[in-house]
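Dumped query.txt below, it's compact mmCIF, C-alpha atoms:
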```txt
# COMPACT_ATOMS: atom_id res chain seq x y z
CA MET A 1 137.55 -125.17 26.35
CA THR A 2 139.62 -124.74 29.59
CA ASP A 3 141.06 -121.63 31.13
CA SER A 4 144.50 -122.59 29.96
CA ASP A 5 143.30 -122.63 26.41
CA GLN A 6 142.23 -119.03 26.54
CA HIS A 7 144.19 -116.11 25.36
CA PRO A 8 146.05 -114.37 28.20
CA TYR A 9 144.21 -111.21 27.45
CA VAL A 10 140.86 -112.94 27.89
CA GLU A 11 142.07 -114.46 31.12
CA TRP A 12 142.98 -111.00 32.34
CA ILE A 13 139.55 -109.69 31.53
CA ALA A 14 137.96 -112.62 33.37
CA ARG A 15 140.08 -112.01 36.41
CA GLU A 16 139.23 -108.36 36.46
CA ALA A 17 135.55 -109.13 36.13
CA GLN A 18 135.60 -111.58 39.00
CA ARG A 19 137.45 -109.24 41.31
CA PRO A 20 135.10 -107.81 43.93
CA VAL A 21 134.40 -104.14 43.46
CA VAL A 22 135.55 -102.03 46.34
CA THR A 23 133.50 -98.86 46.67
CA ASP A 24 133.68 -95.97 48.96
CA GLN A 25 131.09 -96.25 51.75
CA ALA A 26 130.00 -92.62 51.26
CA ALA A 27 129.55 -93.18 47.56
CA ARG A 28 127.44 -96.24 48.28
CA GLU A 29 125.23 -94.21 50.61
CA ARG A 30 124.83 -91.50 47.99
CA ILE A 31 123.83 -94.05 45.38
CA MET A 32 121.34 -95.73 47.70
CA MET A 33 119.81 -92.40 48.66
CA ALA A 34 119.41 -91.51 45.03
CA VAL A 35 117.78 -94.87 44.36
CA ARG A 36 115.41 -94.47 47.30
CA ALA A 37 114.49 -91.01 46.10
CA GLU A 38 113.24 -92.41 42.82
CA PRO A 39 109.48 -93.19 42.82
CA MET A 40 108.64 -96.82 43.01
CA PRO A 41 107.36 -98.15 39.70
CA ARG A 42 103.62 -98.86 40.06
CA ARG A 43 102.71 -102.39 39.55
CA ARG A 44 100.06 -102.91 36.96
CA THR A 45 97.19 -104.75 38.48
CA ARG A 46 95.19 -107.45 36.79
CA VAL A 47 92.27 -105.09 36.32
CA TRP A 48 94.57 -102.56 34.70
CA ARG A 49 95.90 -105.18 32.33
CA ARG A 50 92.42 -106.43 31.62
CA VAL A 51 91.20 -102.98 30.68
CA PHE A 52 94.13 -101.80 28.62
CA GLU A 53 95.49 -104.93 27.16
CA PRO A 54 94.77 -104.99 23.42
CA ARG A 55 92.61 -107.79 22.23
CA ALA A 56 90.94 -108.98 19.09
CA PHE A 57 87.19 -109.13 18.55
CA ARG A 58 85.30 -111.03 15.96
CA LEU A 59 81.98 -109.59 14.99
CA SER A 60 79.59 -110.71 12.34
CA PRO A 61 78.43 -108.02 9.89
CA ILE A 62 74.95 -107.93 11.41
CA ALA A 63 76.38 -107.53 14.92
CA THR A 64 78.61 -104.72 13.69
CA THR A 65 75.65 -102.99 12.12
CA LEU A 66 73.55 -103.36 15.26
CA LEU A 67 76.39 -102.03 17.37
CA ALA A 68 76.80 -99.04 15.05
CA ALA A 69 73.05 -98.35 15.15
CA GLY A 70 73.11 -98.53 18.93
CA LEU A 71 76.00 -96.06 19.11
CA VAL A 72 74.19 -93.70 16.76
CA GLY A 73 71.10 -93.97 18.92
CA ILE A 74 73.08 -93.16 22.06
CA GLY A 75 74.62 -90.19 20.27
CA VAL A 76 71.23 -88.92 19.18
CA ILE A 77 69.73 -89.24 22.65
CA THR A 78 72.74 -87.55 24.23
CA GLY A 79 72.58 -84.74 21.68
CA LYS A 80 68.90 -84.23 22.37
CA VAL A 81 69.47 -84.07 26.10
CA VAL A 82 72.38 -81.65 25.75
CA ASN A 83 70.61 -79.38 23.28
CA ASN A 84 67.24 -79.51 24.98
CA ARG A 85 67.31 -75.84 25.90
CA GLY A 86 64.62 -74.57 23.61
CA VAL A 87 64.33 -74.71 19.87
CA TYR A 88 67.96 -73.91 19.29
CA PRO A 89 71.17 -74.37 21.17
CA SER A 90 71.77 -71.02 22.73
CA VAL A 91 74.98 -69.31 23.68
CA GLY A 92 73.41 -67.79 26.74
CA GLU A 93 70.33 -68.19 28.82
CA PRO A 94 68.15 -65.19 29.43
CA LYS A 95 69.61 -63.16 32.25
CA ALA A 96 66.39 -61.49 33.26
CA PRO A 97 63.05 -61.57 31.56
CA ALA A 98 62.37 -58.09 30.26
CA VAL A 99 58.87 -58.94 29.15
CA VAL A 100 56.13 -60.16 31.39
CA GLN A 101 56.04 -63.85 30.64
CA GLN A 102 52.60 -65.15 29.98
CA PRO A 103 51.62 -68.37 31.65
CA PRO A 104 51.77 -71.38 29.37
CA VAL A 105 48.45 -71.77 27.64
CA SER A 106 47.22 -75.07 26.37
CA PRO A 107 46.07 -74.95 22.76
CA ASP A 108 42.46 -75.46 23.68
CA THR A 109 40.85 -72.57 21.85
CA VAL A 110 39.42 -73.91 18.64
CA VAL A 111 39.60 -71.44 15.78
CA LYS A 112 37.98 -71.81 12.39
CA PHE A 113 39.69 -70.42 9.30
CA VAL A 114 37.58 -69.77 6.22
CA PHE A 115 38.80 -68.74 2.79
CA VAL A 116 36.91 -68.34 -0.48
CA ALA A 117 38.80 -69.63 -3.50
CA PRO A 118 36.52 -71.09 -6.17
CA GLN A 119 39.28 -71.82 -8.66
CA ALA A 120 41.76 -73.35 -6.24
CA SER A 121 42.61 -77.02 -6.32
CA LYS A 122 44.14 -76.93 -2.86
CA VAL A 123 44.33 -74.38 -0.07
CA SER A 124 46.20 -74.48 3.21
CA VAL A 125 46.64 -72.13 6.12
CA VAL A 126 50.15 -71.22 7.23
CA GLY A 127 51.21 -69.18 10.20
CA ASP A 128 53.33 -68.89 13.28
CA PHE A 129 51.35 -71.78 14.75
CA ASN A 130 52.54 -74.35 12.19
CA GLY A 131 55.97 -73.07 11.21
CA TRP A 132 54.58 -71.51 8.02
CA ASN A 133 54.57 -74.94 6.43
CA ALA A 134 52.07 -75.17 3.61
CA THR A 135 51.76 -78.93 3.91
CA THR A 136 50.94 -79.02 7.62
CA THR A 137 47.39 -77.65 7.67
CA PRO A 138 45.45 -78.29 4.48
CA MET A 139 41.97 -76.81 4.28
CA VAL A 140 38.90 -78.75 3.20
CA ARG A 141 36.54 -77.69 0.46
CA THR A 142 33.02 -77.46 1.83
CA ALA A 143 29.80 -78.47 0.12
CA ASN A 144 29.78 -75.01 -1.36
CA ASP A 145 32.60 -75.50 -3.81
CA SER A 146 34.24 -72.12 -3.35
CA VAL A 147 34.67 -72.12 0.43
CA TRP A 148 37.62 -73.75 2.13
CA THR A 149 37.71 -74.28 5.89
CA VAL A 150 39.85 -75.75 8.61
CA THR A 151 39.49 -75.81 12.37
CA LEU A 152 42.56 -75.59 14.57
CA PRO A 153 43.30 -75.53 18.28
CA LEU A 154 45.36 -72.40 18.96
CA THR A 155 46.89 -70.87 22.04
CA THR A 156 45.56 -67.62 23.42
CA GLY A 157 47.23 -64.56 21.99
CA ARG A 158 48.20 -62.99 18.68
CA HIS A 159 48.74 -65.17 15.62
CA VAL A 160 49.95 -64.16 12.17
CA TYR A 161 48.82 -66.25 9.20
CA SER A 162 48.14 -66.47 5.48
CA PHE A 163 46.32 -68.74 3.08
CA VAL A 164 48.39 -70.56 0.46
CA VAL A 165 46.49 -71.36 -2.72
CA ASP A 166 47.74 -74.17 -4.93
CA GLY A 167 51.01 -74.29 -3.03
CA SER A 168 52.38 -71.00 -4.27
CA SER A 169 50.05 -68.02 -3.97
CA TRP A 170 50.03 -66.43 -0.51
CA ASN A 171 46.88 -64.50 0.38
CA ALA A 172 45.82 -62.46 3.38
CA ASP A 173 42.47 -63.07 5.04
CA PRO A 174 40.11 -60.37 3.73
CA HIS A 175 38.14 -60.48 6.98
CA ALA A 176 41.03 -59.97 9.38
CA PRO A 177 43.41 -57.14 10.22
CA LEU A 178 46.59 -57.00 8.19
CA ALA A 179 50.08 -57.39 9.57
CA PRO A 180 52.62 -54.91 8.20
CA ASP A 181 54.66 -55.96 5.21
CA ASP A 182 57.56 -57.90 6.64
CA GLY A 183 59.66 -57.78 3.51
CA PHE A 184 58.52 -61.03 1.91
CA GLY A 185 55.78 -59.70 -0.32
CA ARG A 186 52.08 -59.73 0.43
CA PRO A 187 51.19 -58.90 4.01
CA ASN A 188 49.82 -61.53 6.36
CA SER A 189 46.73 -61.41 8.54
CA VAL A 190 46.44 -61.25 12.29
CA ARG A 191 44.10 -63.13 14.55
CA ILE A 192 43.79 -62.58 18.27
CA VAL A 193 42.64 -65.71 20.03
CA GLY A 194 40.90 -65.74 23.38
CA ARG A 195 40.22 -62.87 25.77
CA GLY A 196 36.76 -62.57 24.24
CA SER A 197 38.22 -60.74 21.31
CA ALA A 198 36.01 -59.88 18.40
CA LEU A 199 38.77 -60.82 15.97
CA MET B 1 84.71 -112.90 21.39
CA ILE B 2 81.20 -111.86 20.60
CA ARG B 3 79.22 -114.13 18.42
CA PHE B 4 75.56 -114.56 17.80
CA ALA B 5 74.31 -117.99 18.51
CA ALA B 6 72.33 -119.37 15.68
CA ALA B 7 70.87 -122.66 14.87
CA ASN B 8 73.05 -124.88 12.82
CA HIS B 9 70.45 -125.34 10.17
CA PRO B 10 71.14 -122.96 7.27
CA ALA B 11 67.45 -122.19 6.74
CA LEU B 12 66.97 -121.21 10.38
CA ARG B 13 70.11 -119.08 10.21
CA ARG B 14 68.74 -117.26 7.19
CA ILE B 15 65.42 -116.65 8.95
CA GLY B 16 67.27 -115.35 11.99
CA ARG B 17 69.33 -112.98 9.91
CA SER B 18 66.25 -111.74 8.09
CA LEU B 19 64.52 -111.06 11.40
CA LEU B 20 67.53 -109.18 12.69
CA ALA B 21 67.73 -107.13 9.52
CA GLY B 22 64.04 -106.28 9.87
CA VAL B 23 64.49 -105.20 13.48
CA LEU B 24 67.47 -103.09 12.43
CA ILE B 25 65.50 -101.37 9.69
CA VAL B 26 62.63 -100.62 12.09
CA LEU B 27 65.08 -99.23 14.67
CA CYS B 28 66.79 -97.01 12.13
CA ALA B 29 63.45 -95.78 10.83
CA ARG B 30 62.30 -94.93 14.33
CA ILE B 31 65.52 -93.03 15.00
CA ALA B 32 65.15 -91.14 11.73
CA VAL B 33 61.51 -90.27 12.43
CA ALA B 34 62.33 -89.19 15.96
CA GLN B 35 64.74 -86.55 14.73
CA ASP B 36 63.55 -82.95 14.95
CA PRO B 37 64.88 -81.51 11.75
CA ASP B 38 66.41 -78.13 12.31
CA PRO B 39 63.89 -75.73 10.81
CA LEU B 40 66.67 -73.40 9.70
CA LEU B 41 68.53 -76.15 7.89
CA LYS B 42 67.37 -74.83 4.52
CA LEU B 43 69.39 -71.66 5.02
CA ASP B 44 73.02 -71.42 3.98
CA PRO B 45 75.40 -71.91 6.92
CA ASN B 46 76.31 -68.23 7.25
CA SER B 47 72.73 -67.00 7.26
CA ARG B 48 71.75 -69.72 9.66
CA PHE B 49 74.58 -68.80 11.99
CA VAL B 50 73.64 -65.12 11.93
CA ILE B 51 69.98 -65.87 12.66
CA GLU B 52 70.83 -68.26 15.46
CA LEU B 53 73.10 -65.60 16.90
CA MET B 54 70.26 -63.07 16.81
CA ILE B 55 67.89 -65.54 18.45
CA ASP B 56 70.44 -66.16 21.19
CA SER B 57 70.96 -62.41 21.63
CA ALA B 58 67.22 -61.91 21.96
CA LYS B 59 67.00 -64.65 24.58
CA ALA B 60 69.90 -63.15 26.51
CA GLU B 61 68.20 -59.74 26.48
CA GLY B 62 64.87 -61.16 27.56
CA ILE B 63 63.28 -60.42 24.20
CA PRO B 64 60.98 -63.15 22.87
CA ALA B 65 62.70 -65.27 20.25
CA ARG B 66 59.45 -66.70 18.88
CA PRO B 67 58.77 -63.87 16.40
CA LEU B 68 62.35 -64.06 15.11
CA LEU B 69 62.10 -67.77 14.43
CA SER B 70 58.65 -67.28 12.95
CA ARG B 71 59.91 -64.65 10.57
CA ALA B 72 62.82 -66.82 9.46
CA LEU B 73 60.49 -69.74 8.83
CA GLU B 74 58.09 -67.55 6.93
CA GLY B 75 60.91 -66.38 4.69
CA ILE B 76 62.10 -69.93 4.14
CA ASN B 77 58.62 -71.15 3.22
CA ARG B 78 58.04 -68.16 0.97
CA LYS B 79 61.30 -69.13 -0.72
CA ALA B 80 62.83 -65.73 -0.08
CA ASP B 81 66.56 -65.46 -0.61
CA ASN B 82 68.81 -65.87 2.41
CA LYS B 83 69.88 -62.23 2.59
CA LYS B 84 66.28 -61.06 2.65
CA ILE B 85 65.48 -63.50 5.44
CA VAL B 86 68.44 -62.35 7.53
CA ASP B 87 67.48 -58.71 6.95
CA ALA B 88 63.88 -59.39 7.96
CA VAL B 89 64.93 -61.13 11.17
CA ARG B 90 67.42 -58.36 11.98
CA LYS B 91 64.73 -55.74 11.42
CA GLN B 92 62.32 -57.62 13.66
CA LEU B 93 64.91 -57.84 16.43
CA GLY B 94 65.56 -54.10 16.16
CA LEU B 95 61.83 -53.35 16.34
CA LEU B 96 61.40 -55.55 19.39
CA ARG B 97 64.34 -53.85 21.11
CA THR B 98 62.96 -50.41 20.38
CA THR B 99 59.46 -51.41 21.50
CA ARG B 100 60.73 -52.80 24.74
CA SER B 101 62.74 -49.68 25.45
CA VAL B 102 59.64 -47.57 24.77
CA LEU B 103 57.03 -49.65 26.60
CA GLY B 104 59.13 -51.36 29.26
CA GLY B 105 57.87 -54.67 30.57
CA VAL B 106 54.74 -55.79 28.76
CA ALA B 107 53.23 -59.13 27.88
CA GLU B 108 54.95 -60.93 25.04
CA ASP B 109 52.01 -60.67 22.64
CA GLU B 110 51.61 -56.97 23.35
CA LEU B 111 55.30 -56.41 22.73
CA ILE B 112 55.10 -58.20 19.37
CA ALA B 113 51.91 -56.35 18.37
CA ALA B 114 53.45 -53.01 19.34
CA ALA B 115 56.55 -53.83 17.32
CA ALA B 116 54.22 -54.39 14.37
CA VAL B 117 52.88 -50.86 14.87
CA LEU B 118 56.42 -49.50 14.53
CA GLU B 119 57.00 -51.77 11.55
CA ALA B 120 53.89 -50.34 9.90
CA GLY B 121 55.32 -46.85 10.22
CA ALA B 122 54.39 -45.34 13.57
CA LYS B 123 57.04 -43.48 15.53
CA PRO B 124 58.33 -44.71 18.89
CA ALA B 125 57.19 -41.42 20.45
CA GLN B 126 53.62 -42.18 19.40
CA LEU B 127 53.87 -45.56 21.06
CA ALA B 128 55.28 -44.10 24.26
CA VAL B 129 51.80 -42.95 25.36
CA PHE B 130 50.93 -46.60 25.90
CA ARG B 131 53.63 -46.96 28.50
CA VAL B 132 51.10 -45.86 31.09
CA ARG B 133 49.38 -49.00 32.25
CA HIS B 134 45.87 -49.50 33.46
CA LYS B 135 45.36 -52.60 35.49
CA ASP B 136 43.52 -55.46 33.78
CA ARG B 137 43.76 -53.74 30.45
CA ASN B 138 45.37 -55.36 27.44
CA ASP B 139 46.38 -53.27 24.46
CA LEU B 140 46.67 -56.13 21.97
CA ALA B 141 43.59 -55.12 19.97
CA ALA B 142 44.55 -51.42 19.89
CA PHE B 143 48.03 -52.26 18.57
CA THR B 144 46.67 -54.75 16.02
CA TYR B 145 44.10 -52.34 14.49
CA TRP B 146 46.56 -49.47 14.62
CA ALA B 147 49.11 -51.44 12.57
CA ASP B 148 46.37 -52.53 10.16
CA LEU B 149 45.14 -48.98 9.54
CA ILE B 150 48.63 -47.74 8.67
CA THR B 151 49.21 -50.80 6.48
CA ARG B 152 46.00 -50.05 4.58
CA GLY B 153 47.20 -46.57 3.80
CA VAL B 154 45.87 -44.39 6.60
CA PRO B 155 48.50 -41.72 7.33
CA SER B 156 50.54 -42.74 10.35
CA GLU B 157 49.83 -39.49 12.22
CA ASP B 158 46.07 -39.83 11.71
CA ALA B 159 45.97 -43.47 12.71
CA SER B 160 48.14 -42.84 15.75
CA SER B 161 46.10 -39.91 17.04
CA ALA B 162 42.79 -41.75 16.47
CA ILE B 163 43.87 -44.92 18.24
CA THR B 164 45.57 -43.01 21.04
CA LYS B 165 42.49 -40.85 21.61
CA LEU B 166 40.22 -43.90 21.76
CA TRP B 167 42.61 -45.68 24.08
CA GLN B 168 42.87 -42.66 26.38
CA ASP B 169 39.05 -42.53 26.43
CA GLY B 170 39.03 -46.11 27.66
CA ALA B 171 37.69 -47.73 24.50
CA ASP B 172 37.30 -51.49 24.68
CA ASP B 173 38.25 -54.12 22.07
CA ALA B 174 34.77 -54.00 20.51
CA THR B 175 35.07 -50.26 19.89
CA PHE B 176 38.42 -50.68 18.17
CA TYR B 177 36.97 -53.52 16.11
CA SER B 178 33.95 -51.47 15.09
CA LEU B 179 36.11 -48.56 13.95
CA TRP B 180 38.44 -50.85 12.03
CA LYS B 181 35.58 -52.71 10.35
CA SER B 182 33.97 -49.47 9.19
CA VAL B 183 37.20 -47.96 7.90
CA GLN B 184 38.16 -51.17 6.14
CA SER B 185 34.76 -51.33 4.47
CA ASP B 186 35.05 -47.72 3.28
CA ILE B 187 38.56 -48.30 1.94
CA LEU B 188 37.40 -51.39 0.04
CA GLN B 189 34.65 -49.27 -1.51
CA GLY B 190 37.29 -46.90 -2.80
CA LEU B 191 37.34 -44.14 -0.21
CA ASN B 192 40.65 -42.49 0.61
CA PRO B 193 42.01 -44.29 3.71
CA GLY B 194 42.74 -41.08 5.60
CA ALA B 195 39.30 -39.66 4.86
CA ALA B 196 37.66 -42.95 5.78
CA LEU B 197 39.27 -42.85 9.20
CA GLN B 198 38.39 -39.20 9.76
CA ASN B 199 34.75 -39.88 8.88
CA ARG B 200 34.45 -42.94 11.04
CA ILE B 201 36.29 -41.65 14.07
CA ARG B 202 33.69 -38.91 14.39
CA GLU B 203 30.97 -41.56 14.56
CA THR B 204 32.80 -43.66 17.08
CA PRO B 205 31.27 -43.19 20.50
CA GLY B 206 33.69 -41.81 22.99
CA ARG B 207 34.05 -43.35 26.36
CA ALA B 208 34.44 -41.59 29.64
CA PRO B 209 38.13 -41.24 30.25
CA PRO B 210 39.41 -43.45 32.99
CA SER B 211 39.41 -41.87 36.40
CA LYS B 212 42.42 -39.73 37.13
CA THR B 213 42.97 -41.75 40.25
CA PRO B 214 41.64 -45.23 39.64
CA PRO B 215 41.76 -47.63 42.55
CA GLU B 216 45.07 -49.04 41.40
CA GLY B 217 46.10 -45.85 39.64
CA PRO B 218 47.77 -45.59 36.29
CA GLN B 219 51.19 -47.03 36.59
CA GLU B 220 54.31 -46.76 34.58
CA ARG B 221 55.18 -50.06 33.01
CA GLU B 222 58.08 -51.66 34.66
CA SER B 223 61.23 -50.60 32.96
CA LEU B 224 63.87 -53.26 32.79
```
Encoded form using structure tokens:
Amino acid sequence: MTDSDQHPYVEWIAREAQRPVVTDQAARERIMMAVRAEPMPRRRTRVWRRVFEPRAFRLSPIATTLLAAGLVGIGVITGKVVNNRGVYPSVGEPKAPAVVQQPPVSPDTVVKFVFVAPQASKVSVVGDFNGWNATTTPMVRTANDSVWTVTLPLTTGRHVYSFVVDGSSWNADPHAPLAPDDGFGRPNSVRIVGRGSAL
Amino acid sequence: MIRFAAANHPALRRIGRSLLAGVLIVLCARIAVAQDPDPLLKLDPNSRFVIELMIDSAKAEGIPARPLLSRALEGINRKADNKKIVDAVRKQLGLLRTTRSVLGGVAEDELIAAAAVLEAGAKPAQLAVFRVRHKDRNDLAAFTYWADLITRGVPSEDASSAITKLWQDGADDATFYSLWKSVQSDILQGLNPGAALQNRIRETPGRAPPSKTPPEGPQERESL
């Protein structure tokens, strides 16, 4: 197709398009200043592309499972480190100790608990030293069938405890001082460990 | 692409997968065993939140949180209902606050034992006498027997005046123990608790009261 074959209107458009644009020098300066004022687009580096470029992975089921287990493990360890501020996560640390803090005492005072329960099939001691868990510290029936005993290392100080017979019946120690009723039924017993106490 | 290299032989591949599965199971088991289960997890979320809040408040006030946690765990293991557990913990926190305001700065065990005296039924004013501190003296035994006597039915006024008198006379732990043992024995034999105490306190040897101006002098417990 030659120029002569074209429609006159098309030829006119072509001529107009080829005609050099004459602009005002001041306008050109204004445009260039505006362009210079624009921030330069940052070039994405190779590292950038490498990090953010989407890609496809192929993992076997066992690798996926191992990866998931590893992530769970990291989460658990992180959680433990973050929450390692005592037994519970706290909303605030103590501002000032209002009680005289006792020095940490190693549980090196051995204490023997004795309870007489001839009819019992199992007896355990529960208290503030074992989280009141009846399965933690089972007592042993001695040669004399009615006496149950257990020996525990306890820290120096005051301990509250009870004997649990057959997993359900809570009993105070008849040979120890009673703790006041705390609202849960039968009162507990108190033992003071160390300091040469007669308890 | 991440891929595990394995031998081409199908049998070896199976052995490898079995080994990996075994390692995975052991790892998961170790992670599960390593977890410290939250001891309050058996409570409903609201009760647990309230108790944790009280424990945090106690810590922030410098009050020992151990007896609060202990009481919650006791309630859980006694299978008490959640409301009762929350009430018991709240009551314990209140007693510890009152005790600290009455006695000031004392050892943690003494604070807890003194709170038990209030819980048994003594009045804060009766406890206030013990604010005066004698150096090297620990009131744990006095508080423990005091709470026991009231719990066994001795009128609070009688128990308080008897223990306070002995304490002011400088009685030691053995004296408190002896009194308690005798009264307990009488009560078990059927004597009225108040009468048992009155009888036995007369037999209890008095001690010389501590010097008015001991070397270190009686001191007010630090009030914080």
Could you list the residues in chain B lying within 7 Å of chain A, using only C-alpha atoms, and format the result as a count of residues only?
-> 34
For the atom pair CA of Ala115 (chain B) and CA of Asn188 (chain A), what is the interatomic distance in Å to one decimal place?
-> 15.0 Å
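Checking B:Asn82, B:Ser57, B:Gln184, B:Ser18 one by one against Pro45 (chain B), counting all atoms listed in the file, you find the shortest gap at B:Asn82.
Ranking A:Val111, A:Leu152, A:Ala117, A:Ala172 by their shortest atom-to-atom distance to Val193 (chain A), with only C-alpha atoms included, puts A:Val111 first.
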In Å to one decimal, how far is CA of Met54 (chain B) from CA of Lys91 (chain B)?
-> 10.6 Å
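Between CA of Val117 (chain B) and CA of Gln168 (chain B) the separation is 17.3 Å.
Among B:Lys79, B:Thr144, B:Phe130, B:Asn192, the residue with the shortest atom-to-atom distance to Gly167 (chain A), counting all atoms listed in the file, is B:Lys79.
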Would you kindly return, as JSON, numbers by chain, each protein, DNA or RNA residue with an atom no farther than 12 Å from any atom of Ile163 (chain B), considering all atoms listed in the file and excluding same-chain residues fewer than 3 positions away?
-> {"B": [117, 122, 126, 127, 129, 130, 139, 141, 142, 143, 144, 145, 146, 147, 148, 149, 150, 154, 156, 157, 158, 159, 160, 166, 167, 168, 169, 170, 171, 172, 173, 175, 176, 177, 179, 180, 197, 198, 201, 204, 206]}
